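**Student:** So here's start_37.csv (CSV, C-alpha atoms).
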chain,number,residue,atom,x,y,z
A,1039,MET,CA,0.0,0.0,0.0
A,1040,SER,CA,1.2,3.5,-0.7
A,1041,VAL,CA,0.4,6.9,0.8
A,1042,SER,CA,-1.8,9.0,-1.5
A,1043,LYS,CA,-0.5,12.3,-2.8
A,1044,ALA,CA,-3.3,14.1,-0.8
A,1045,LYS,CA,-2.1,12.4,2.4
A,1046,GLN,CA,1.5,13.2,1.6
A,1047,LYS,CA,0.6,16.8,1.2
A,1048,TYR,CA,-1.3,16.8,4.4
A,1049,ILE,CA,1.5,15.2,6.3
A,1050,ARG,CA,4.1,17.6,4.9
A,1051,SER,CA,1.9,20.6,5.8
A,1052,LEU,CA,2.2,19.6,9.5
A,1053,LYS,CA,5.7,20.9,9.5
A,1054,GLU,CA,4.1,24.3,9.9
A,1055,LYS,CA,2.7,25.3,13.2
A,1056,LYS,CA,-0.4,27.0,11.8
A,1057,PHE,CA,-1.5,23.7,10.1
A,1058,ARG,CA,-0.7,21.7,13.2
A,1059,ASN,CA,-2.9,24.0,15.3
A,1060,GLU,CA,-5.6,24.1,12.6
A,1061,HIS,CA,-6.0,20.3,12.7
A,1062,GLY,CA,-5.1,19.9,16.4
A,1063,VAL,CA,-2.4,17.3,15.7
A,1064,PHE,CA,1.3,16.7,15.7
A,1065,VAL,CA,3.7,14.3,14.0
A,1066,ALA,CA,6.0,11.8,15.8
A,1067,GLU,CA,8.5,9.4,14.2
A,1068,GLY,CA,10.5,6.4,15.3
A,1069,TYR,CA,9.8,3.1,17.0
A,1070,LYS,CA,10.4,4.2,20.6
A,1071,ILE,CA,8.5,7.5,20.5
A,1072,VAL,CA,5.5,6.3,18.5
A,1073,SER,CA,5.2,3.1,20.6
A,1074,GLU,CA,5.1,5.2,23.8
A,1075,LEU,CA,2.7,7.8,22.4
A,1076,LEU,CA,0.3,5.1,21.1
A,1077,ALA,CA,-0.5,4.2,24.7
A,1078,VAL,CA,-1.2,7.8,25.6
A,1079,TYR,CA,-2.7,9.9,22.8
A,1080,PRO,CA,-5.4,9.1,20.1
A,1081,CYS,CA,-3.7,8.5,16.7
A,1082,LYS,CA,-5.3,9.9,13.6
A,1083,LEU,CA,-2.9,8.2,11.1
A,1084,LEU,CA,-0.2,5.6,11.4
A,1085,VAL,CA,2.1,5.1,8.5
A,1086,ALA,CA,4.3,2.1,9.3
A,1087,THR,CA,6.4,-0.7,7.8
A,1088,GLN,CA,5.2,-4.3,8.2
A,1089,ASP,CA,8.1,-4.9,10.7
A,1090,PHE,CA,6.6,-2.2,13.0
A,1091,ILE,CA,3.1,-3.7,12.7
A,1092,ASP,CA,4.4,-7.2,13.5
A,1093,ASN,CA,6.2,-6.0,16.6
A,1094,ASN,CA,3.2,-4.0,17.9
A,1095,LYS,CA,0.3,-6.4,17.7
A,1096,ASN,CA,-1.6,-4.4,20.4
A,1097,ILE,CA,-1.9,-1.3,18.3
A,1098,ILE,CA,-5.3,0.3,19.3
A,1099,ASN,CA,-7.0,3.7,19.1
A,1100,VAL,CA,-5.7,4.3,15.5
A,1101,GLU,CA,-8.2,5.8,13.1
A,1102,GLU,CA,-6.3,4.9,10.0
A,1103,LEU,CA,-3.4,2.6,9.3
A,1104,VAL,CA,-1.3,2.6,6.2
A,1105,VAL,CA,1.3,-0.2,5.8
A,1106,VAL,CA,4.2,1.0,3.6
A,1107,SER,CA,7.7,0.0,2.4
A,1108,ASP,CA,10.8,1.8,3.6
A,1109,ASP,CA,10.9,3.7,0.3
A,1110,GLU,CA,7.3,4.8,0.7
A,1111,LEU,CA,8.0,6.0,4.3
A,1112,THR,CA,10.9,8.1,3.0
A,1113,LYS,CA,8.4,10.1,0.9
A,1114,VAL,CA,6.5,11.4,4.0
A,1115,SER,CA,9.2,11.3,6.7
A,1116,PHE,CA,10.8,14.5,8.1
A,1117,LEU,CA,13.9,12.5,9.0
A,1118,GLN,CA,16.9,11.9,6.9
A,1119,SER,CA,16.8,8.2,7.9
A,1120,PRO,CA,13.1,7.2,8.5
A,1121,GLN,CA,12.7,4.7,11.4
A,1122,GLN,CA,9.8,2.3,10.6
A,1123,VAL,CA,6.9,4.5,11.5
A,1124,LEU,CA,5.4,8.0,11.3
A,1125,ALA,CA,2.3,8.8,13.3
A,1126,ILE,CA,-0.1,11.8,13.6
A,1127,PHE,CA,-1.5,12.2,17.1
A,1128,VAL,CA,-4.2,14.4,18.5
A,1129,GLN,CA,-2.8,17.3,20.6
A,1130,PRO,CA,-3.9,17.0,24.2
A,1131,GLN,CA,-6.0,19.8,25.7
A,1132,ASP,CA,-3.9,22.5,27.4
A,1133,ILE,CA,-5.4,22.6,30.9
A,1134,LEU,CA,-3.3,24.3,33.6
A,1135,SER,CA,-3.9,21.7,36.3
A,1136,PHE,CA,-0.9,21.7,38.7
A,1137,ASP,CA,0.1,23.0,42.1
A,1138,PRO,CA,3.6,24.4,42.6
A,1139,ASP,CA,3.0,24.5,46.4
A,1140,LYS,CA,3.0,20.7,46.2
A,1141,GLU,CA,5.3,19.9,43.3
A,1142,LEU,CA,8.2,21.4,41.3
A,1143,ILE,CA,7.2,23.2,38.1
A,1144,LEU,CA,9.5,24.4,35.3
A,1145,VAL,CA,8.7,27.7,33.6
A,1146,LEU,CA,10.4,28.6,30.3
A,1147,ASP,CA,10.7,32.3,29.4
A,1148,CYS,CA,11.1,32.6,25.6
A,1149,VAL,CA,13.2,29.4,25.1
A,1150,GLN,CA,13.2,29.3,21.3
A,1151,ASP,CA,15.4,26.5,20.1
A,1152,PRO,CA,13.4,23.3,19.4
A,1153,GLY,CA,16.4,21.2,20.4
A,1154,ASN,CA,16.7,22.9,23.8
A,1155,MET,CA,12.9,22.6,24.3
A,1156,GLY,CA,13.0,18.8,23.6
A,1157,THR,CA,16.1,18.3,25.8
A,1158,ILE,CA,14.5,20.2,28.7
A,1159,MET,CA,11.4,18.0,28.4
A,1160,ARG,CA,13.7,14.9,28.7
A,1161,LEU,CA,15.3,16.4,31.8
A,1162,ALA,CA,11.9,17.1,33.3
A,1163,ASP,CA,10.9,13.6,32.7
A,1164,TRP,CA,14.1,12.2,34.2
A,1165,TYR,CA,13.8,14.4,37.4
A,1166,GLY,CA,10.1,13.7,37.9
A,1167,ILE,CA,8.8,17.1,36.9
A,1168,ASN,CA,5.4,16.6,35.3
A,1169,HIS,CA,4.6,20.1,34.0
A,1170,ILE,CA,6.5,22.7,32.0
A,1171,VAL,CA,4.9,26.1,31.5
A,1172,CYS,CA,6.1,28.2,28.6
A,1173,SER,CA,5.7,31.8,27.5
A,1174,ARG,CA,3.7,32.0,24.2
A,1175,ASP,CA,6.8,33.0,22.3
A,1176,SER,CA,8.7,29.9,23.3
A,1177,ALA,CA,9.4,27.1,20.8
A,1178,ASP,CA,6.4,24.9,19.9
A,1179,ILE,CA,6.6,21.6,21.6
A,1180,TYR,CA,4.8,20.0,18.6
A,1181,ASN,CA,7.5,21.1,16.1
A,1182,PRO,CA,8.6,17.8,14.6
A,1183,LYS,CA,12.2,18.5,15.6
A,1184,THR,CA,11.1,19.2,19.2
A,1185,VAL,CA,9.0,16.0,19.4
A,1186,GLN,CA,12.0,13.9,18.2
A,1187,ALA,CA,14.3,15.7,20.7
A,1188,THR,CA,12.0,14.7,23.6
A,1189,MET,CA,12.8,11.0,23.0
A,1190,GLY,CA,9.4,9.9,24.2
A,1191,ALA,CA,9.2,12.3,27.2
A,1192,ILE,CA,6.3,14.0,25.5
A,1193,ALA,CA,4.2,11.0,26.5
A,1194,ARG,CA,4.6,11.8,30.2
A,1195,VAL,CA,5.4,15.5,30.6
A,1196,ARG,CA,2.7,18.1,29.9
A,1197,VAL,CA,3.7,21.4,28.3
A,1198,HIS,CA,1.5,24.5,28.7
A,1199,TYR,CA,1.6,27.9,27.0
A,1200,THR,CA,0.3,31.0,28.8
A,1201,ASP,CA,1.0,34.5,29.9
A,1202,LEU,CA,3.8,34.0,32.4
A,1203,GLN,CA,3.3,37.3,34.3
A,1204,GLU,CA,-0.4,36.5,34.8
A,1205,LEU,CA,0.6,33.0,36.0
A,1206,LEU,CA,3.4,34.0,38.4
A,1207,SER,CA,1.3,36.7,39.9
A,1208,LYS,CA,-1.0,34.0,41.3
A,1209,TYR,CA,1.9,32.4,43.4
A,1210,LYS,CA,3.2,35.3,45.5
A,1211,ASP,CA,3.7,33.0,48.5
A,1212,THR,CA,5.4,30.2,46.5
A,1213,PRO,CA,9.2,30.1,46.1
A,1214,ILE,CA,10.0,31.2,42.5
A,1215,TYR,CA,13.6,30.5,41.5
A,1216,GLY,CA,15.5,31.9,38.5
A,1217,THR,CA,19.1,31.8,37.3
A,1218,PHE,CA,21.1,35.0,37.1
A,1219,LEU,CA,24.7,36.0,36.9
A,1220,ASP,CA,24.3,38.1,40.0
A,1221,GLY,CA,22.4,35.4,41.9
A,1222,GLY,CA,23.5,33.5,45.0
A,1223,ASN,CA,25.6,30.4,44.7
A,1224,MET,CA,23.0,27.7,44.2
A,1225,TYR,CA,25.0,25.2,46.3
A,1226,GLU,CA,24.8,27.6,49.3
A,1227,GLN,CA,21.1,28.6,49.0
A,1228,PRO,CA,18.1,26.9,50.6
A,1229,LEU,CA,16.1,25.0,47.9
A,1230,SER,CA,12.5,23.8,48.3
A,1231,PRO,CA,11.2,20.4,47.1
A,1232,ASN,CA,8.3,22.4,45.6
A,1233,GLY,CA,7.9,25.7,43.8
A,1234,ILE,CA,8.7,27.2,40.4
A,1235,ILE,CA,12.0,27.2,38.5
A,1236,VAL,CA,12.2,29.8,35.8
A,1237,MET,CA,14.7,29.4,32.9
A,1238,GLY,CA,15.3,32.1,30.4
A,1239,ASN,CA,16.0,32.8,26.7
A,1240,GLU,CA,19.1,31.4,25.1
A,1241,GLY,CA,20.7,34.8,24.5
A,1242,LYS,CA,18.9,37.2,26.8
A,1243,GLY,CA,18.1,35.1,29.9
A,1244,ILE,CA,15.1,35.8,32.0
A,1245,SER,CA,13.3,39.0,30.8
A,1246,PRO,CA,12.9,42.0,33.2
A,1247,GLU,CA,9.1,41.5,33.2
A,1248,ILE,CA,9.5,37.9,34.6
A,1249,GLU,CA,12.5,38.7,36.8
A,1250,ARG,CA,10.3,40.9,39.0
A,1251,TRP,CA,8.4,37.8,40.1
A,1252,VAL,CA,11.5,35.8,41.0
A,1253,THR,CA,11.9,35.5,44.8
A,1254,ASN,CA,15.2,33.5,44.8
A,1255,LYS,CA,18.0,34.3,42.4
A,1256,LEU,CA,20.4,31.5,41.8
A,1257,PHE,CA,23.8,31.4,40.2
A,1258,ILE,CA,25.5,28.2,38.8
A,1259,PRO,CA,29.2,28.8,39.8
A,1260,ASN,CA,32.0,28.0,37.4
A,1261,TYR,CA,35.1,26.1,38.6
A,1262,PRO,CA,37.5,27.4,39.8
A,1263,PRO,CA,35.8,30.7,40.5
A,1264,GLU,CA,38.8,32.9,39.5
A,1265,ARG,CA,39.3,31.1,36.1
A,1266,ALA,CA,38.3,32.9,32.9
A,1267,THR,CA,35.5,30.9,31.4
A,1268,SER,CA,32.5,30.9,28.9
A,1269,GLU,CA,30.0,33.8,29.3
A,1270,SER,CA,27.1,31.4,30.1
A,1271,LEU,CA,25.8,27.9,29.9
A,1272,ASN,CA,23.4,26.5,27.3
A,1273,VAL,CA,19.8,26.8,28.8
A,1274,ALA,CA,19.2,23.0,28.6
A,1275,ILE,CA,22.5,22.2,30.3
A,1276,ALA,CA,21.8,24.9,33.0
A,1277,THR,CA,18.3,23.3,33.5
A,1278,GLY,CA,19.9,19.9,34.0
A,1279,ILE,CA,22.3,21.2,36.6
A,1280,ILE,CA,19.6,23.1,38.5
A,1281,CYS,CA,17.1,20.2,38.5
A,1282,ALA,CA,19.8,17.8,39.6
A,1283,GLU,CA,20.6,20.0,42.6
A,1284,PHE,CA,17.0,20.4,43.6
A,1285,ARG,CA,16.4,16.7,43.5
A,1286,ARG,CA,19.7,16.0,45.3
A,1287,ARG,CA,18.5,18.2,48.2
A,1288,SER,CA,15.2,16.4,48.3
A,1289,LEU,CA,17.0,13.0,48.7
A,1290,LEU,CA,18.9,14.4,51.7
A,1291,HIS,CA,15.7,15.1,53.6
Take the structure in the file and give it back as structure tokens.
**Tutor:**
Amino acid sequence: MSVSKAKQKYIRSLKEKKFRNEHGVFVAEGYKIVSELLAVYPCKLLVATQDFIDNNKNIINVEELVVVSDDELTKVSFLQSPQQVLAIFVQPQDILSFDPDKELILVLDCVQDPGNMGTIMRLADWYGINHIVCSRDSADIYNPKTVQATMGAIARVRVHYTDLQELLSKYKDTPIYGTFLDGGNMYEQPLSPNGIIVMGNEGKGISPEIERWVTNKLFIPNYPPERATSESLNVAIATGIICAEFRRRSLLH
């Protein structure tokens, strides 16, 4: 069986955010990611090789299944080397249902690189952070590059887009952490097992509008302190270091 030209056009259109939003769907590719997502989100279309079908006998909740050859899959794939399967899933409803007074939440202020966004989602998944809240000008989690970069974490971590000032204003009594060059050494600061961690834009950091809501400014020290070093860390790397220290503190109590 082959993918019709109309379906090929439809799939290719989903590379653009406006069409993903118009149809309320996103594209995922690869054995691991698609297998995990099939257990979580309704699937509108599954384009897969016979090998994938044979190894996933329990495929359910799929509206349409198209079995293709490797060559046919190449025609619709966004990857240079297609990996057995491409699927179109329904985007979950974006409902802000979390409590930073009882759990740790990540907030991203204009993080724009799809790779960084996907890596941060993997980090959140690894460190047991279930919700990431993004400014509306942050990278789209449903960008195919971002979906691939999550390596399946998108099946477990929920990402929300909202007005960050409006959101943070609701949590005046909640610890809100942010990373700044003039912040206190994070290894010497008290850290709560719950609250909000704000990470900023790749080039500009946390914006002044969001900084005003931060109650605890943290700095990731370089080593040794007197040595000349890079100006800053990649936001995904910084997020990993921060999350690791928060979770290390939790394990000590």
**Student:** Around the point (7.4, 16.2, 33.2) in the file's coordinates, collect all residues with an atom within 9 Å, using only C-alpha atoms, and return them as an MDAnalysis selection string.
**Tutor:** chainID A and resid 1143:1144 1159:1170 1191:1192 1194:1197
**Student:** Near Glu1247 of chain A, counting only C-alpha atoms, which residues have an atom at most 12 Å away, once you skip same-chain residues fewer than 2 positions from it, shown as JSON, numbers by chain?
**Tutor:** {"A": [1147, 1148, 1173, 1201, 1202, 1203, 1204, 1206, 1207, 1238, 1243, 1244, 1245, 1249, 1250, 1251, 1252]}
**Student:** Kindly assemble as JSON lines a list of the segment 1079-1190 of chain A residues that lie within 12 Å of segment 1212-1215 of chain A, each paired with its nearest atom pair and their distance in Å to one decimal, using all atoms listed in the file, sorted first by chain and then by ascending residue number.
**Tutor:**
{"residue": "A:Asp1137", "atom": "CA", "partner": "A:Thr1212", "partner_atom": "CA", "distance": 10.0}
{"residue": "A:Pro1138", "atom": "CA", "partner": "A:Thr1212", "partner_atom": "CA", "distance": 7.2}
{"residue": "A:Asp1139", "atom": "CA", "partner": "A:Thr1212", "partner_atom": "CA", "distance": 6.2}
{"residue": "A:Lys1140", "atom": "CA", "partner": "A:Thr1212", "partner_atom": "CA", "distance": 9.8}
{"residue": "A:Glu1141", "atom": "CA", "partner": "A:Thr1212", "partner_atom": "CA", "distance": 10.8}
{"residue": "A:Leu1142", "atom": "CA", "partner": "A:Pro1213", "partner_atom": "CA", "distance": 10.0}
{"residue": "A:Ile1143", "atom": "CA", "partner": "A:Ile1214", "partner_atom": "CA", "distance": 9.5}
{"residue": "A:Leu1144", "atom": "CA", "partner": "A:Tyr1215", "partner_atom": "CA", "distance": 9.6}
{"residue": "A:Val1145", "atom": "CA", "partner": "A:Ile1214", "partner_atom": "CA", "distance": 9.7}
{"residue": "A:Leu1146", "atom": "CA", "partner": "A:Tyr1215", "partner_atom": "CA", "distance": 11.8}
**Student:** Counting all atoms listed in the file, which of A:Ser1051, A:Ser1040, A:Asn1099, A:Ser1268 gets nearest to Cys1081 of chain A?
**Tutor:**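 With all atoms listed in the file as the atom set, the closest residue is A:Asn1099.
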**Student:** Do a neighbour search on segment 1064-1079 of chain A at 7 Å with only C-alpha atoms, toss out local chain neighbours closer than 4 positions, and write the hits as an MDAnalysis selection string.
**Tutor:** chainID A and resid 1052 1058 1121:1129 1180 1182 1185:1186 1189:1190 1193
**Student:** Find the residue from A:Ile1234, A:Cys1281, A:Ala1187, A:Leu1111 that sits nearest to Val1171 of chain A; use all atoms listed in the file when measuring.
**Tutor:** A:Ile1234
**Student:** Please measure the separation of atom CA of Met1155 of chain A and atom CA of Tyr1209 of chain A, giving the value in Å to one decimal.
**Tutor:**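 Going from atom CA of Met1155 of chain A over to atom CA of Tyr1209 of chain A covers 24.1 Å.
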**Student:** How many Å lie between atom CA of Asn1239 of chain A and atom CA of Ser1176 of chain A, rounded to one decimal?
**Tutor:**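 Atom CA of Ser1176 of chain A lies at a distance of 8.6 Å from atom CA of Asn1239 of chain A.
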**Student:** Grab the atom CA of Lys1045 of chain A to atom CA of Pro1120 of chain A distance for me, in Å with one decimal place.
**Tutor:**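 One can read the atom CA of Lys1045 of chain A to atom CA of Pro1120 of chain A distance as 17.2 Å.
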**Student:** As a PyMOL selection string, please: the residues near segment 1258-1262 of chain A (cut-off 10 Å, all atoms listed in the file, same-chain neighbours under 4 positions excluded).
**Tutor:** chain A and resi 1217-1219+1221-1225+1266-1268+1270-1271+1276+1279-1280
